[in-house]
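Here is upload_39.txt, consisting of compact mmCIF, C-alpha atoms and all ligand atoms:
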# COMPACT_ATOMS: atom_id res chain seq x y z
CA MET F 1 -23.68 -1.04 -9.70
CA LYS F 2 -20.89 0.64 -7.74
CA ASN F 3 -17.69 1.71 -9.49
CA ALA F 4 -14.18 2.22 -8.14
CA PHE F 5 -12.55 5.63 -7.73
CA THR F 6 -8.86 4.80 -7.59
CA ILE F 7 -6.00 7.22 -6.98
CA ASP F 8 -2.40 6.43 -7.89
CA PHE F 9 -0.95 8.52 -5.09
CA GLU F 10 2.29 10.08 -6.31
CA ASP F 11 3.73 13.57 -6.86
CA TRP F 12 3.89 15.24 -10.29
CA TYR F 13 7.54 14.32 -11.00
CA GLN F 14 7.24 10.70 -9.87
CA GLY F 15 5.23 9.30 -12.77
CA ILE F 16 7.08 10.78 -15.74
CA THR F 17 10.06 8.43 -15.83
CA ILE F 18 12.40 10.70 -13.83
CA PRO F 19 14.56 8.35 -11.71
CA ILE F 20 14.18 8.46 -7.93
CA SER F 21 17.78 9.75 -7.56
CA LYS F 22 16.67 13.08 -9.10
CA TRP F 23 13.37 13.53 -7.26
CA ASN F 24 14.94 15.84 -4.66
CA GLN F 25 15.49 18.51 -7.33
CA TYR F 26 11.77 19.10 -7.74
CA GLU F 27 9.18 20.98 -5.74
CA LYS F 28 7.05 18.70 -3.58
CA ARG F 29 3.41 19.54 -4.21
CA ILE F 30 1.42 16.39 -3.54
CA HIS F 31 -0.51 18.19 -0.76
CA VAL F 32 -2.14 20.52 -3.32
CA GLY F 33 -3.99 17.82 -5.25
CA HIS F 34 -4.40 15.73 -2.12
CA GLU F 35 -6.38 18.41 -0.27
CA LYS F 36 -8.66 18.99 -3.26
CA LEU F 37 -9.31 15.27 -3.69
CA LEU F 38 -10.01 14.75 -0.02
CA LYS F 39 -12.55 17.60 0.00
CA LEU F 40 -14.29 16.34 -3.14
CA LEU F 41 -14.55 12.84 -1.68
CA GLN F 42 -15.90 14.21 1.61
CA LYS F 43 -18.43 16.42 -0.15
CA ASN F 44 -19.70 13.51 -2.25
CA LYS F 45 -19.51 10.96 0.59
CA THR F 46 -17.29 8.66 -1.44
CA LYS F 47 -14.69 6.18 -0.26
CA ALA F 48 -11.79 5.81 -2.68
CA THR F 49 -8.87 3.40 -3.09
CA TYR F 50 -5.45 5.02 -2.81
CA PHE F 51 -2.49 3.15 -4.29
CA LEU F 52 0.39 4.61 -2.27
CA LEU F 53 3.94 5.06 -3.46
CA GLY F 54 6.40 3.95 -0.74
CA LYS F 55 8.51 7.09 -1.15
CA VAL F 56 5.40 9.21 -0.52
CA ILE F 57 4.59 7.31 2.70
CA GLU F 58 8.12 7.99 3.89
CA GLU F 59 8.01 11.71 3.08
CA HIS F 60 4.42 12.53 4.00
CA PRO F 61 3.24 10.37 6.89
CA ASP F 62 0.75 13.05 8.00
CA ILE F 63 -1.00 12.98 4.63
CA ILE F 64 -1.24 9.18 4.74
CA LYS F 65 -2.63 9.39 8.26
CA GLU F 66 -5.33 11.72 6.99
CA ILE F 67 -6.29 9.37 4.15
CA ILE F 68 -6.57 6.41 6.52
CA ALA F 69 -8.55 8.43 9.08
CA GLU F 70 -11.09 9.31 6.38
CA GLY F 71 -11.77 5.60 5.91
CA HIS F 72 -10.35 5.24 2.41
CA GLU F 73 -8.84 1.96 1.30
CA ILE F 74 -5.09 1.89 0.77
CA GLY F 75 -3.17 -0.26 -1.68
CA CYS F 76 0.47 -0.53 -2.77
CA HIS F 77 2.00 1.21 -5.82
CA THR F 78 5.64 0.06 -5.27
CA TYR F 79 8.37 2.13 -3.62
CA GLN F 80 10.08 3.96 -6.50
CA HIS F 81 7.62 3.89 -9.42
CA LYS F 82 9.64 1.89 -11.93
CA GLU F 83 8.08 -0.21 -14.67
CA LEU F 84 7.72 -3.80 -13.46
CA TYR F 85 9.11 -5.13 -16.73
CA ASN F 86 12.32 -3.16 -16.07
CA MET F 87 12.75 -4.77 -12.64
CA THR F 88 13.99 -8.21 -11.71
CA PRO F 89 11.67 -10.43 -9.65
CA GLU F 90 14.13 -9.98 -6.75
CA THR F 91 13.96 -6.18 -6.89
CA PHE F 92 10.19 -6.34 -7.09
CA LYS F 93 10.06 -8.57 -4.01
CA GLU F 94 12.26 -6.08 -2.14
CA GLU F 95 10.02 -3.18 -3.19
CA ILE F 96 6.88 -4.94 -1.97
CA THR F 97 8.49 -5.90 1.34
CA ARG F 98 9.71 -2.35 1.90
CA CYS F 99 6.25 -0.91 1.19
CA LYS F 100 4.58 -3.45 3.47
CA GLU F 101 6.97 -2.59 6.30
CA LEU F 102 6.43 1.14 5.81
CA ILE F 103 2.65 0.93 6.08
CA ASN F 104 2.59 -1.76 8.72
CA GLU F 105 5.12 -0.25 11.11
CA GLN F 106 3.77 3.28 10.98
CA PHE F 107 0.04 2.69 10.68
CA ASN F 108 -0.42 -0.87 11.87
CA ILE F 109 -2.41 -1.88 8.78
CA ASP F 110 -1.75 -4.05 5.76
CA TYR F 111 -2.37 -3.63 2.06
CA THR F 112 -5.11 -5.52 0.34
CA GLY F 113 -4.50 -4.55 -3.28
CA PHE F 114 -1.68 -3.68 -5.65
CA ARG F 115 -1.33 -1.47 -8.73
CA ALA F 116 1.77 -1.45 -10.92
CA PRO F 117 3.31 1.90 -11.95
CA TYR F 118 2.24 2.78 -15.52
CA PHE F 119 0.02 -0.39 -15.51
CA SER F 120 3.30 -2.13 -16.35
CA LEU F 121 2.11 -5.62 -15.45
CA ASP F 122 1.97 -7.30 -18.84
CA GLU F 123 3.39 -10.40 -20.54
CA ARG F 124 6.94 -9.22 -19.76
CA SER F 125 6.29 -8.98 -16.01
CA TRP F 126 3.77 -11.81 -15.58
CA TRP F 127 5.99 -13.30 -12.82
CA ALA F 128 4.94 -10.42 -10.54
CA LEU F 129 1.50 -11.96 -10.02
CA ASP F 130 2.90 -14.98 -8.16
CA ILE F 131 5.03 -12.70 -5.99
CA LEU F 132 1.94 -10.64 -5.12
CA LYS F 133 -0.01 -13.78 -4.26
CA GLU F 134 2.79 -15.09 -2.04
CA ALA F 135 3.10 -11.71 -0.32
CA GLY F 136 -0.54 -11.95 0.73
CA PHE F 137 -2.18 -9.38 -1.54
CA GLU F 138 -5.90 -9.97 -1.98
CA TYR F 139 -6.21 -8.59 -5.48
CA ASP F 140 -4.22 -6.97 -8.29
CA SER F 141 -5.43 -4.00 -10.35
CA SER F 142 -2.58 -3.43 -12.79
CA ILE F 143 -3.52 -4.91 -16.13
CA TYR F 144 -4.55 -2.70 -19.03
CA PRO F 145 -6.66 -4.94 -21.28
CA GLY F 146 -5.59 -3.47 -24.62
CA ASP F 147 -2.77 -1.47 -26.12
CA ASN F 148 -1.73 1.73 -24.35
CA LYS F 149 1.61 2.00 -26.19
CA ARG F 150 3.81 1.65 -23.12
CA THR F 151 2.09 -1.50 -21.86
CA GLY F 152 -1.16 -3.47 -21.96
CA ILE F 153 -2.24 -6.95 -23.00
CA LYS F 154 -4.28 -7.12 -26.19
CA GLY F 155 -7.33 -9.36 -25.90
CA PHE F 156 -7.04 -9.70 -22.11
CA ARG F 157 -10.32 -10.30 -20.20
CA LYS F 158 -11.93 -7.04 -19.16
CA ASP F 159 -14.01 -8.31 -16.25
CA ILE F 160 -12.90 -8.89 -12.66
CA HIS F 161 -11.80 -12.52 -12.53
CA PHE F 162 -9.54 -15.08 -10.89
CA LEU F 163 -6.12 -15.49 -12.45
CA GLU F 164 -4.72 -18.97 -12.78
CA ASN F 165 -2.83 -18.63 -9.49
CA GLY F 166 -6.06 -17.75 -7.65
CA LEU F 167 -5.40 -14.02 -7.29
CA PRO F 168 -8.36 -11.83 -8.30
CA GLU F 169 -7.49 -9.44 -11.15
CA VAL F 170 -9.28 -6.09 -11.56
CA PRO F 171 -8.33 -4.82 -15.03
CA LEU F 172 -8.51 -1.09 -15.77
CA SER F 173 -11.63 -0.02 -17.66
CA ASN F 174 -11.30 1.15 -21.24
CA PHE F 175 -13.27 1.44 -24.47
CA LYS F 176 -12.52 1.37 -28.19
CA LEU F 177 -12.27 4.66 -30.04
CA LEU F 178 -11.25 4.07 -33.65
CA LYS F 179 -8.16 1.87 -33.25
CA PHE F 180 -7.32 3.10 -29.73
CA ASP F 181 -8.04 1.52 -26.36
CA VAL F 182 -9.04 4.59 -24.37
CA GLY F 183 -8.83 4.37 -20.56
CA LEU F 184 -11.63 5.57 -18.31
CA GLY F 185 -9.44 7.88 -16.25
CA GLY F 186 -6.22 9.89 -16.09
CA ALA F 187 -5.17 11.85 -19.18
CA TYR F 188 -8.12 10.53 -21.21
CA PHE F 189 -10.49 11.94 -18.58
CA ARG F 190 -8.87 15.39 -19.02
CA ILE F 191 -8.58 15.27 -22.80
CA LEU F 192 -12.10 14.07 -23.66
CA PRO F 193 -15.10 16.43 -23.22
CA TYR F 194 -16.90 15.61 -19.98
CA LEU F 195 -20.26 14.69 -21.54
CA TYR F 196 -18.64 12.28 -23.95
CA PHE F 197 -16.60 10.68 -21.16
CA LYS F 198 -19.73 10.41 -19.01
CA GLN F 199 -21.61 8.65 -21.81
CA LYS F 200 -18.79 6.08 -22.17
CA PHE F 201 -18.58 5.67 -18.40
CA LYS F 202 -22.33 5.10 -18.16
CA ALA F 203 -22.32 2.54 -20.98
CA ALA F 204 -19.44 0.61 -19.35
CA ALA F 205 -21.05 0.79 -15.88
CA LYS F 206 -24.16 -1.00 -17.17
CA ASN F 207 -22.30 -4.29 -17.46
CA ALA F 208 -19.58 -4.12 -14.84
CA PRO F 209 -18.04 -1.79 -12.24
CA VAL F 210 -15.94 0.90 -13.91
CA ILE F 211 -12.41 1.17 -12.56
CA PHE F 212 -11.63 4.90 -12.77
CA TYR F 213 -8.14 6.26 -11.96
CA ILE F 214 -6.61 9.68 -11.33
CA HIS F 215 -3.47 11.23 -9.75
CA PRO F 216 -3.29 14.11 -7.24
CA TRP F 217 -1.14 16.27 -9.56
CA GLU F 218 -3.94 16.21 -12.14
CA LEU F 219 -5.79 18.61 -9.79
CA ASP F 220 -2.77 20.91 -9.49
CA PRO F 221 -2.54 23.08 -12.64
CA GLU F 222 0.19 25.23 -11.06
CA HIS F 223 2.80 22.47 -10.84
CA PRO F 224 6.08 23.18 -12.68
CA PHE F 225 6.30 22.79 -16.43
CA LEU F 226 9.24 20.72 -17.70
CA PRO F 227 9.89 21.66 -21.34
CA GLU F 228 12.62 19.00 -21.61
CA LEU F 229 10.09 16.15 -21.44
CA SER F 230 9.38 14.39 -24.69
CA LYS F 231 6.24 15.54 -26.48
CA ARG F 232 4.63 12.13 -25.97
CA ILE F 233 4.90 12.50 -22.18
CA ARG F 234 4.51 16.30 -21.94
CA TYR F 235 1.30 16.70 -23.91
CA PRO F 236 -0.95 14.29 -21.97
CA HIS F 237 0.69 15.24 -18.64
CA TYR F 238 -0.18 18.95 -18.78
CA PHE F 239 -3.36 18.90 -20.88
CA ASN F 240 -6.46 20.58 -19.38
CA LEU F 241 -5.35 20.33 -15.73
CA LYS F 242 -7.50 23.34 -14.83
CA ARG F 243 -10.70 21.44 -15.44
CA THR F 244 -9.94 18.23 -13.55
CA GLU F 245 -11.31 19.38 -10.20
CA SER F 246 -14.74 20.39 -11.49
CA LYS F 247 -14.96 17.34 -13.76
CA ILE F 248 -14.25 15.03 -10.82
CA ASP F 249 -16.91 16.76 -8.78
CA ARG F 250 -19.46 16.05 -11.52
CA LEU F 251 -18.35 12.44 -11.87
CA LEU F 252 -18.65 11.86 -8.12
CA GLN F 253 -22.12 13.39 -8.13
CA GLN F 254 -23.34 11.32 -11.05
CA PHE F 255 -21.99 7.86 -10.25
CA GLU F 256 -21.64 5.68 -7.17
CA PHE F 257 -18.27 4.43 -6.01
CA ALA F 258 -16.97 1.95 -3.45
CA PRO F 259 -13.49 0.80 -2.39
CA LEU F 260 -12.01 -1.81 -4.70
CA SER F 261 -11.81 -4.51 -2.04
CA GLU F 262 -15.55 -4.14 -1.49
CA ILE F 263 -16.21 -4.45 -5.23
CA VAL F 264 -14.03 -7.56 -5.46
CA ALA F 265 -15.84 -9.10 -2.47
CA ASN F 266 -19.24 -8.41 -4.06
CA THR F 267 -18.36 -9.76 -7.50
CA GLN F 268 -19.04 -13.35 -8.51
CA LEU F 269 -15.60 -14.25 -9.79
CA GLY F 270 -15.19 -16.70 -12.63
ZN ZN L 301 1.74 5.71 -10.73
Could you rewrite the structure in this file as structure tokens?
Amino acid sequence: MKNAFTIDFEDWYQGITIPISKWNQYEKRIHVGHEKLLKLLQKNKTKATYFLLGKVIEEHPDIIKEIIAEGHEIGCHTYQHKELYNMTPETFKEEITRCKELINEQFNIDYTGFRAPYFSLDERSWWALDILKEAGFEYDSSIYPGDNKRTGIKGFRKDIHFLENGLPEVPLSNFKLLKFDVGLGGAYFRILPYLYFKQKFKAAAKNAPVIFYIHPWELDPEHPFLPELSKRIRYPHYFNLKRTESKIDRLLQQFEFAPLSEIVANTQLG
């Protein structure tokens, strides 16, 4: 069974609810984590799925070129990284169109998949799924099947399946730990001891492909510290960044991964 190694491709200040109007105040460092990730993927002969932020495509076309040249799959992660449930359907449509134009005009390719910032596709932003379908996306991978405080849908199906509108949905993988729905990726990957995480990953991978996720800044322990962030955001953001690189190397050695579109194509969808 092949799993998916997905990367939400954004800089360290873009996923901590700082509005886009302030992004220019911060040091751009996406290249640091990017180079480490690219090397790890090369070394382990793995093709990943990168969900690209529109703003990043605009600012770093050379990096995007490199990702595409390596044969990785690219998907869309909106333009400005706002929660879907804080957008209107009209704004969301504009974001998707802008991202499609950016990738199409510069690189002559199209997106297949979509991932919402903060997995913010839930009951409040359910309308987004029809917009994605109409825009020609081939799958969505935004729904967190459980409670992750900010978002999530409790009791949502955990397997890859067709939504009512015909769009395939690839929910994020998670497992129960006490009363928490713990994701197989991101901050949880850094916080949990590797061997424990591996055991949970292995158990989940027995039944279905595991959808793992990570961000480039999680491999950049030197990125600036913002003490003004709330504790709830600050603690998981900065925890154990030094170990991410070696942990990812182990994960890539121990499990097999394929691009998400390939996994969707090879899954019998119900
Ligand atoms: Zn993101």
### Query
In Å to one decimal, how far is atom CA of F:Phe180 from atom CA of F:Asn148?
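It comes out at 7.9 Å.
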### Task
Counting all atoms listed in the file, figure out which residue out of F:Tyr194, F:Tyr85, F:Trp12, F:Phe239 gets nearest to ligand ZN 301 (chain L).
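Under the stated criterion, the closest residue is F:Trp12.
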Residues of stretch 18-106 of chain F within 7 Å of stretch 121-141 of chain F: nearest atom pair and distance (Å, one decimal) for each, counting all atoms listed in the file, sorted by chain and number, as a Markdown table?
| residue | atom | partner | partner_atom | distance |
| --- | --- | --- | --- | --- |
| F:Leu84 | CA | F:Ser125 | CA | 5.9 |
| F:Tyr85 | CA | F:Ser125 | CA | 4.8 |
| F:Pro89 | CA | F:Ala128 | CA | 6.8 |
| F:Lys93 | CA | F:Ile131 | CA | 6.8 |
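Considering all atoms listed in the file, the residues that reside within 6 Å of ligand ZN 301 (chain L) can be listed as Asp8, Gly15, Pro117 and Tyr118 of chain F.
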### Query
Near stretch 252-264 of chain F, counting only C-alpha atoms, which residues have an atom at most 6 Å away, once you skip same-chain residues fewer than 2 positions from it, shown as a ChimeraX atom specification?
/F:2-4,47-49,249-250,266-267
### Query
What does the distance between atom CA of F:His223 and atom CA of F:Ile191 come to in Å, to one decimal place?
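Answer for the atom CA of F:His223 to atom CA of F:Ile191 separation: 18.0 Å.
The smallest atom-to-atom distance between F:Trp23 and any of F:Tyr213, F:Asp110, F:Lys36, F:Glu59, using all atoms listed in the file, is found for F:Glu59.
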### Query
Taking (-8.8, 10.9, -18.2) in the file's coordinates, which residues come within 12 Å, counting only C-alpha atoms, written as a count of residues only?
39
### Message
Please list as a ChimeraX atom specification every residue within 12 Å of F:Glu228, counting all atoms listed in the file and excluding residues in the same chain fewer than 5 positions away.
### Response
/F:16,18,233-235
Can you find the residues with an atom no farther than 12 Å from (13.3, -4.6, -2.0), counting all atoms listed in the file, and report them as a CSV table (one decimal) with C-alpha atoms, keeping the file's coordinate frame?
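The result, written out as part-v7.csv:
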chain,number,residue,atom,x,y,z
F,54,GLY,CA,6.4,4.0,-0.7
F,78,THR,CA,5.6,0.1,-5.3
F,79,TYR,CA,8.4,2.1,-3.6
F,80,GLN,CA,10.1,4.0,-6.5
F,87,MET,CA,12.8,-4.8,-12.6
F,88,THR,CA,14.0,-8.2,-11.7
F,89,PRO,CA,11.7,-10.4,-9.6
F,90,GLU,CA,14.1,-10.0,-6.8
F,91,THR,CA,14.0,-6.2,-6.9
F,92,PHE,CA,10.2,-6.3,-7.1
F,93,LYS,CA,10.1,-8.6,-4.0
F,94,GLU,CA,12.3,-6.1,-2.1
F,95,GLU,CA,10.0,-3.2,-3.2
F,96,ILE,CA,6.9,-4.9,-2.0
F,97,THR,CA,8.5,-5.9,1.3
F,98,ARG,CA,9.7,-2.4,1.9
F,99,CYS,CA,6.2,-0.9,1.2
F,100,LYS,CA,4.6,-3.4,3.5
F,101,GLU,CA,7.0,-2.6,6.3
F,102,LEU,CA,6.4,1.1,5.8
## Note on the structure
The distance between atom CA of F:Asp181 and atom CA of F:Arg157 is 13.5 Å
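Among the candidates F:Pro171, F:Gly146, F:Gly33, F:Pro221, the one nearest to F:Asp159 when counting all atoms listed in the file is F:Pro171.
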### Query
Which residue gives the smallest distance to F:Phe5 among F:Leu178, F:Ile68, F:Leu172, F:His60, with only C-alpha atoms counted?
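For F:Phe5, the nearest of the candidates is F:Leu172.
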### Message
I want to know what sits within 7 Å of F:Leu52, based on all atoms listed in the file, with residues of the same chain fewer than 6 positions away left out; could you give that as an MDAnalysis selection string?
### Response
chainID F and resid 8:9 74:77
Those residues with C-alpha atoms, as a compact mmCIF listing (two decimals), in the frame of the given file please?
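The file below, selection09.txt, is the result:
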# COMPACT_ATOMS: atom_id res chain seq x y z
CA ASP F 8 -2.40 6.43 -7.89
CA PHE F 9 -0.95 8.52 -5.09
CA ILE F 74 -5.09 1.89 0.77
CA GLY F 75 -3.17 -0.26 -1.68
CA CYS F 76 0.47 -0.53 -2.77
CA HIS F 77 2.00 1.21 -5.82
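Using all atoms listed in the file, the nearest neighbour of F:Gln14 within the list F:Leu38, F:Ile153, F:Val56, F:Leu269 is F:Val56.
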### Message
I'd like to know which of F:Ile57, F:Ile30, F:Ile7, F:Met1 is closest to F:Glu73, using all atoms listed in the file.
### Response
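Ranking F:Ile57, F:Ile30, F:Ile7, F:Met1 by distance to F:Glu73, first place goes to F:Ile7.
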